[in-house]
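Novice: To be precise about what I am sending: the file is called structure20.txt and holds compact mmCIF, C-alpha atoms.
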# COMPACT_ATOMS: atom_id res chain seq x y z
CA MET A 3 1.05 33.69 69.70
CA ARG A 4 3.38 32.32 67.02
CA ARG A 5 2.10 34.90 64.57
CA ALA A 6 2.78 37.73 67.03
CA ALA A 7 6.32 36.42 67.60
CA ALA A 8 6.95 36.20 63.83
CA ILE A 9 5.68 39.77 63.35
CA ALA A 10 7.93 40.99 66.18
CA VAL A 11 10.97 39.26 64.63
CA ALA A 12 10.15 40.68 61.18
CA ALA A 13 9.75 44.17 62.64
CA GLY A 14 13.13 43.86 64.33
CA VAL A 15 14.79 42.78 61.07
CA LEU A 16 13.16 45.61 59.15
CA ALA A 17 14.12 48.13 61.81
CA ALA A 18 17.75 46.96 61.63
CA ALA A 19 17.83 46.93 57.80
CA PRO A 20 18.36 50.69 57.30
CA ALA A 21 21.27 50.67 59.74
CA ALA A 22 22.88 47.71 57.97
CA ALA A 23 22.22 49.22 54.54
CA SER A 24 23.85 52.50 55.56
CA GLN A 25 27.05 50.70 56.53
CA THR A 26 29.35 50.48 53.55
CA VAL A 27 31.79 47.63 53.40
CA ASP A 28 35.05 48.06 51.52
CA TYR A 29 35.33 45.13 49.10
CA THR A 30 38.83 46.02 47.88
CA LEU A 31 41.46 43.31 47.45
CA ARG A 32 45.01 44.50 48.11
CA ALA A 33 48.17 42.50 47.47
CA LYS A 34 51.88 43.24 47.22
CA GLY A 35 54.19 41.33 44.92
CA SER A 36 57.91 40.76 45.20
CA ALA A 37 60.62 39.92 42.70
CA THR A 38 62.86 38.48 45.41
CA GLY A 39 60.61 36.96 48.06
CA LEU A 40 57.14 36.23 49.29
CA GLY A 41 54.18 38.39 48.34
CA LYS A 42 51.53 39.58 50.79
CA VAL A 43 47.78 39.88 50.76
CA THR A 44 47.25 43.01 52.84
CA ALA A 45 43.46 43.24 52.58
CA ILE A 46 40.45 41.16 51.65
CA GLY A 47 37.97 43.97 52.18
CA PRO A 48 37.82 44.68 55.93
CA PHE A 49 39.86 41.54 56.75
CA LYS A 50 43.58 42.40 57.00
CA PRO A 51 45.48 39.09 56.97
CA GLU A 52 48.87 40.83 57.05
CA GLN A 53 47.95 42.16 60.50
CA ASP A 54 45.92 39.19 61.81
CA PRO A 55 45.33 36.17 59.54
CA SER A 56 43.24 34.26 62.08
CA LEU A 57 39.81 32.79 61.47
CA GLY A 58 38.61 34.90 64.40
CA ALA A 59 39.73 38.11 62.67
CA ALA A 60 37.90 37.08 59.49
CA THR A 61 34.63 36.43 61.33
CA ALA A 62 35.06 39.74 63.17
CA ALA A 63 35.38 41.45 59.77
CA PHE A 64 32.59 39.62 57.89
CA GLY A 65 30.32 38.26 60.61
CA PRO A 66 29.29 34.64 60.99
CA PRO A 67 29.95 32.55 57.88
CA THR A 68 27.07 30.97 55.97
CA SER A 69 29.05 27.76 55.48
CA VAL A 70 31.83 25.95 57.31
CA ARG A 71 33.54 22.85 55.94
CA ALA A 72 36.20 21.16 58.03
CA ARG A 73 38.63 18.95 56.16
CA GLY A 74 40.16 16.97 58.97
CA GLN A 75 42.01 18.96 61.62
CA VAL A 76 44.29 20.75 59.15
CA SER A 77 41.89 22.68 56.89
CA CYS A 78 38.66 24.63 57.36
CA ARG A 79 36.84 26.47 54.56
CA LEU A 80 34.47 29.29 55.51
CA GLY A 81 32.05 30.88 53.08
CA TRP A 82 30.04 34.08 53.11
CA LYS A 83 27.56 33.52 50.30
CA PRO A 84 25.83 36.96 50.43
CA ILE A 85 29.13 38.70 49.59
CA GLY A 86 30.61 35.93 47.41
CA LEU A 87 33.67 35.00 49.45
CA ARG A 88 35.38 31.78 50.55
CA ILE A 89 38.51 31.62 52.69
CA ASN A 90 40.49 28.47 53.41
CA PHE A 91 42.09 28.39 56.86
CA VAL A 92 44.87 25.99 57.76
CA ASN A 93 46.58 24.94 60.98
CA LEU A 94 49.73 22.85 60.76
CA GLY A 95 50.61 23.03 64.45
CA GLY A 96 47.98 20.77 66.01
CA GLY A 97 44.40 21.56 66.94
CA SER A 98 41.50 22.33 64.65
CA ALA A 99 41.86 24.79 61.77
CA CYS A 100 38.23 25.75 62.52
CA ASP A 101 39.31 27.14 65.91
CA PRO A 102 39.12 30.97 65.71
CA SER A 103 42.60 31.43 67.17
CA LEU A 104 44.34 28.48 65.46
CA GLY A 105 43.10 28.63 61.85
CA LYS A 106 45.24 30.93 59.67
CA ALA A 107 44.19 32.21 56.24
CA GLN A 108 45.89 30.26 53.47
CA SER A 109 43.90 31.12 50.35
CA ALA A 110 40.73 32.92 49.31
CA SER A 111 38.29 33.19 46.43
CA ALA A 112 36.20 36.34 45.91
CA PHE A 113 33.37 36.04 43.41
CA GLY A 114 30.64 38.42 44.56
CA ARG A 115 29.84 41.42 42.35
CA GLY A 116 31.17 43.96 44.84
CA TRP A 117 34.77 42.72 44.86
CA ARG A 118 37.45 44.78 43.12
CA THR A 119 41.21 45.17 43.14
CA SER A 120 43.02 48.28 44.34
CA ARG A 121 43.47 49.27 40.66
CA GLY A 122 39.73 49.10 39.99
CA LEU A 123 39.36 45.71 38.28
CA LYS A 124 35.95 44.34 39.25
CA ILE A 125 34.02 41.13 38.97
CA ARG A 126 32.49 41.16 35.45
CA SER A 127 35.14 43.59 34.10
CA SER A 128 36.20 42.75 30.56
CA THR A 129 39.54 41.14 29.80
CA ARG A 130 40.30 44.30 27.81
CA LYS A 131 40.02 46.34 31.02
CA LEU A 132 42.09 43.71 32.85
CA ARG A 133 44.89 44.11 30.27
CA ARG A 134 44.70 47.91 30.51
CA LEU A 135 44.89 47.94 34.33
CA TYR A 136 47.42 45.09 34.55
CA PRO A 137 49.50 45.25 31.34
CA ARG A 138 52.10 42.85 32.79
CA ALA A 139 49.55 40.21 33.83
CA LEU A 140 50.66 36.71 32.90
CA ARG A 141 47.95 34.59 31.31
CA ARG A 142 47.67 30.84 31.80
CA GLY A 143 44.49 29.53 30.24
CA ARG A 144 41.63 31.57 31.68
CA THR A 145 43.65 32.76 34.67
CA TYR A 146 45.68 35.97 34.79
CA ARG A 147 48.37 36.52 37.42
CA LEU A 148 47.80 40.13 38.48
CA VAL A 149 50.30 40.22 41.36
CA GLY A 150 53.10 37.70 41.60
CA ALA A 151 55.96 36.82 43.92
CA LYS A 152 58.88 34.45 44.09
CA PRO A 153 58.86 31.64 46.65
CA ILE A 154 62.06 31.46 48.63
CA PHE A 155 62.38 27.66 48.86
CA THR A 156 61.87 26.59 45.24
CA ASP A 157 63.48 26.77 41.83
CA GLY A 158 62.57 30.44 41.53
CA SER A 159 59.38 30.17 39.49
CA ARG A 160 56.86 32.84 40.44
CA TYR A 161 53.42 32.24 41.95
CA SER A 162 50.19 34.25 42.02
CA VAL A 163 49.46 36.32 45.10
CA LEU A 164 46.40 37.77 43.33
CA ALA A 165 44.90 36.28 40.17
CA ALA A 166 41.75 36.82 38.12
CA LYS A 167 39.88 33.87 36.64
CA THR A 168 37.92 34.74 33.52
CA ARG A 169 35.04 33.22 31.62
CA ALA A 170 33.41 34.46 28.44
CA GLY A 171 35.83 37.40 28.29
CA ARG A 172 34.99 38.73 31.76
CA VAL A 173 36.44 38.43 35.25
CA GLY A 174 34.50 35.76 37.12
CA SER A 175 36.49 35.57 40.35
CA PHE A 176 39.65 36.59 42.12
CA LYS A 177 42.01 34.09 43.76
CA LEU A 178 44.37 35.10 46.54
CA PHE A 179 47.24 33.22 48.16
CA VAL A 180 47.77 34.43 51.72
CA GLY A 181 50.02 31.64 52.97
CA ALA A 182 49.73 32.55 56.65
CA ALA A 183 49.74 28.93 57.80
CA GLY A 184 53.43 28.63 56.92
CA GLU A 185 55.32 25.51 55.98
What would you get if you wrote out this structure as structure tokens?
Specialist:
Amino acid sequence: MRRAAAIAVAAGVLAAAPAAASQTVDYTLRAKGSATGLGKVTAIGPFKPEQDPSLGAATAAFGPPTSVRARGQVSCRLGWKPIGLRINFVNLGGGSACDPSLGKAQSASAFGRGWRTSRGLKIRSSTRKLRRLYPRALRRGRTYRLVGAKPIFTDGSRYSVLAAKTRAGRVGSFKLFVGAAGE
């Protein structure tokens, strides 16, 4: 009986595989900078934090996460290992950041091979290509600020809205600062 159940489950997975494979997911990262104010992450693939930065919107876009790590009530990190994505959600107003309606996207790290920027920089692209696509990128160590903005409550130094971390001359991951949880 167990064997028959396992075969039925496997058949269901295989039958669903072509439908899932035919669906194409947009893995484009989109961010807007600003010389005078806050920047915005407008898209992390199908997740649009500018429209709805909630944890619920992220799980609607990517499906159930493969990992969830609560850090007290204030922070909750979700990961989707198959696509190489982690998003940190924060709630500063009381209640759990892991609550789908209360957790707001604060930062993200995209490291799966499908991720790319709106200008075409991809995971594993060379730093030469990075410099060609983003000639004004500011380098600090192995990190390049691709899109920057100016915080409104500080001394005026810029911060990264979208950055690329490199290793061995290639892009290894993208870092995004969404900042939807506020002050």
Novice: Find the spatial neighbours of segment 102-118 of chain A, counting all atoms listed in the file, within a cut-off of 7 Å - ignore same-chain residues fewer than 2 positions away - and output them as a PDB file with C-alpha atoms, in the frame of the given file.
Specialist:
ATOM      1  CA  TYR A  29      35.330  45.130  49.100  1.00  0.00           C
ATOM      2  CA  THR A  30      38.830  46.020  47.880  1.00  0.00           C
ATOM      3  CA  LEU A  31      41.460  43.310  47.450  1.00  0.00           C
ATOM      4  CA  PRO A  55      45.330  36.170  59.540  1.00  0.00           C
ATOM      5  CA  SER A  56      43.240  34.260  62.080  1.00  0.00           C
ATOM      6  CA  LEU A  57      39.810  32.790  61.470  1.00  0.00           C
ATOM      7  CA  GLY A  58      38.610  34.900  64.400  1.00  0.00           C
ATOM      8  CA  ILE A  85      29.130  38.700  49.590  1.00  0.00           C
ATOM      9  CA  GLY A  86      30.610  35.930  47.410  1.00  0.00           C
ATOM     10  CA  LEU A  87      33.670  35.000  49.450  1.00  0.00           C
ATOM     11  CA  ARG A  88      35.380  31.780  50.550  1.00  0.00           C
ATOM     12  CA  ILE A  89      38.510  31.620  52.690  1.00  0.00           C
ATOM     13  CA  ASN A  90      40.490  28.470  53.410  1.00  0.00           C
ATOM     14  CA  PHE A  91      42.090  28.390  56.860  1.00  0.00           C
ATOM     15  CA  VAL A  92      44.870  25.990  57.760  1.00  0.00           C
ATOM     16  CA  ASN A  93      46.580  24.940  60.980  1.00  0.00           C
ATOM     17  CA  SER A  98      41.500  22.330  64.650  1.00  0.00           C
ATOM     18  CA  ALA A  99      41.860  24.790  61.770  1.00  0.00           C
ATOM     19  CA  CYS A 100      38.230  25.750  62.520  1.00  0.00           C
ATOM     20  CA  SER A 120      43.020  48.280  44.340  1.00  0.00           C
ATOM     21  CA  GLY A 122      39.730  49.100  39.990  1.00  0.00           C
ATOM     22  CA  LEU A 123      39.360  45.710  38.280  1.00  0.00           C
ATOM     23  CA  LYS A 124      35.950  44.340  39.250  1.00  0.00           C
ATOM     24  CA  ILE A 125      34.020  41.130  38.970  1.00  0.00           C
ATOM     25  CA  GLY A 174      34.500  35.760  37.120  1.00  0.00           C
ATOM     26  CA  SER A 175      36.490  35.570  40.350  1.00  0.00           C
ATOM     27  CA  PHE A 176      39.650  36.590  42.120  1.00  0.00           C
ATOM     28  CA  LYS A 177      42.010  34.090  43.760  1.00  0.00           C
ATOM     29  CA  LEU A 178      44.370  35.100  46.540  1.00  0.00           C
ATOM     30  CA  PHE A 179      47.240  33.220  48.160  1.00  0.00           C
ATOM     31  CA  VAL A 180      47.770  34.430  51.720  1.00  0.00           C
ATOM     32  CA  GLY A 181      50.020  31.640  52.970  1.00  0.00           C
ATOM     33  CA  ALA A 182      49.730  32.550  56.650  1.00  0.00           C
ATOM     34  CA  ALA A 183      49.740  28.930  57.800  1.00  0.00           C
TER      35      ALA A 183
END
Novice: Padding of 8 Å on every side, edges along x, y and z, all listed atoms of segment 170-185 of chain A included: what centre and edge lengths in Å, to one decimal, does that box have, as JSON?
Specialist:
{"center_x": 44.4, "center_y": 32.1, "center_z": 43.0, "size_x": 37.9, "size_y": 29.2, "size_z": 45.5}
Novice: Grab the atom CA of Ala62 of chain A to atom CA of Ala166 of chain A distance for me, in Å with one decimal place.
Specialist: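 Distance reported for this atom pair: 26.1 Å.
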Novice: For Ser162 of chain A, work out the shell of residues within 9 Å, counting only C-alpha atoms and skipping chain neighbours fewer than 5 positions away, then give it as number ranges by chain.
Specialist: A: 35, 41, 146-152, 177-179
Novice: Would you mind reading off the distance between atom CA of Val70 of chain A and atom CA of Trp82 of chain A, one decimal, in Å?
Specialist: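 These two atoms are separated by 9.3 Å.
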Novice: From the options A:Arg71, A:Lys167, A:Arg172, A:Arg160, which residue's atoms come nearest to Gly39 of chain A, counting only C-alpha atoms?
Specialist: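 Result for the nearest residue to Gly39 of chain A: A:Arg160.
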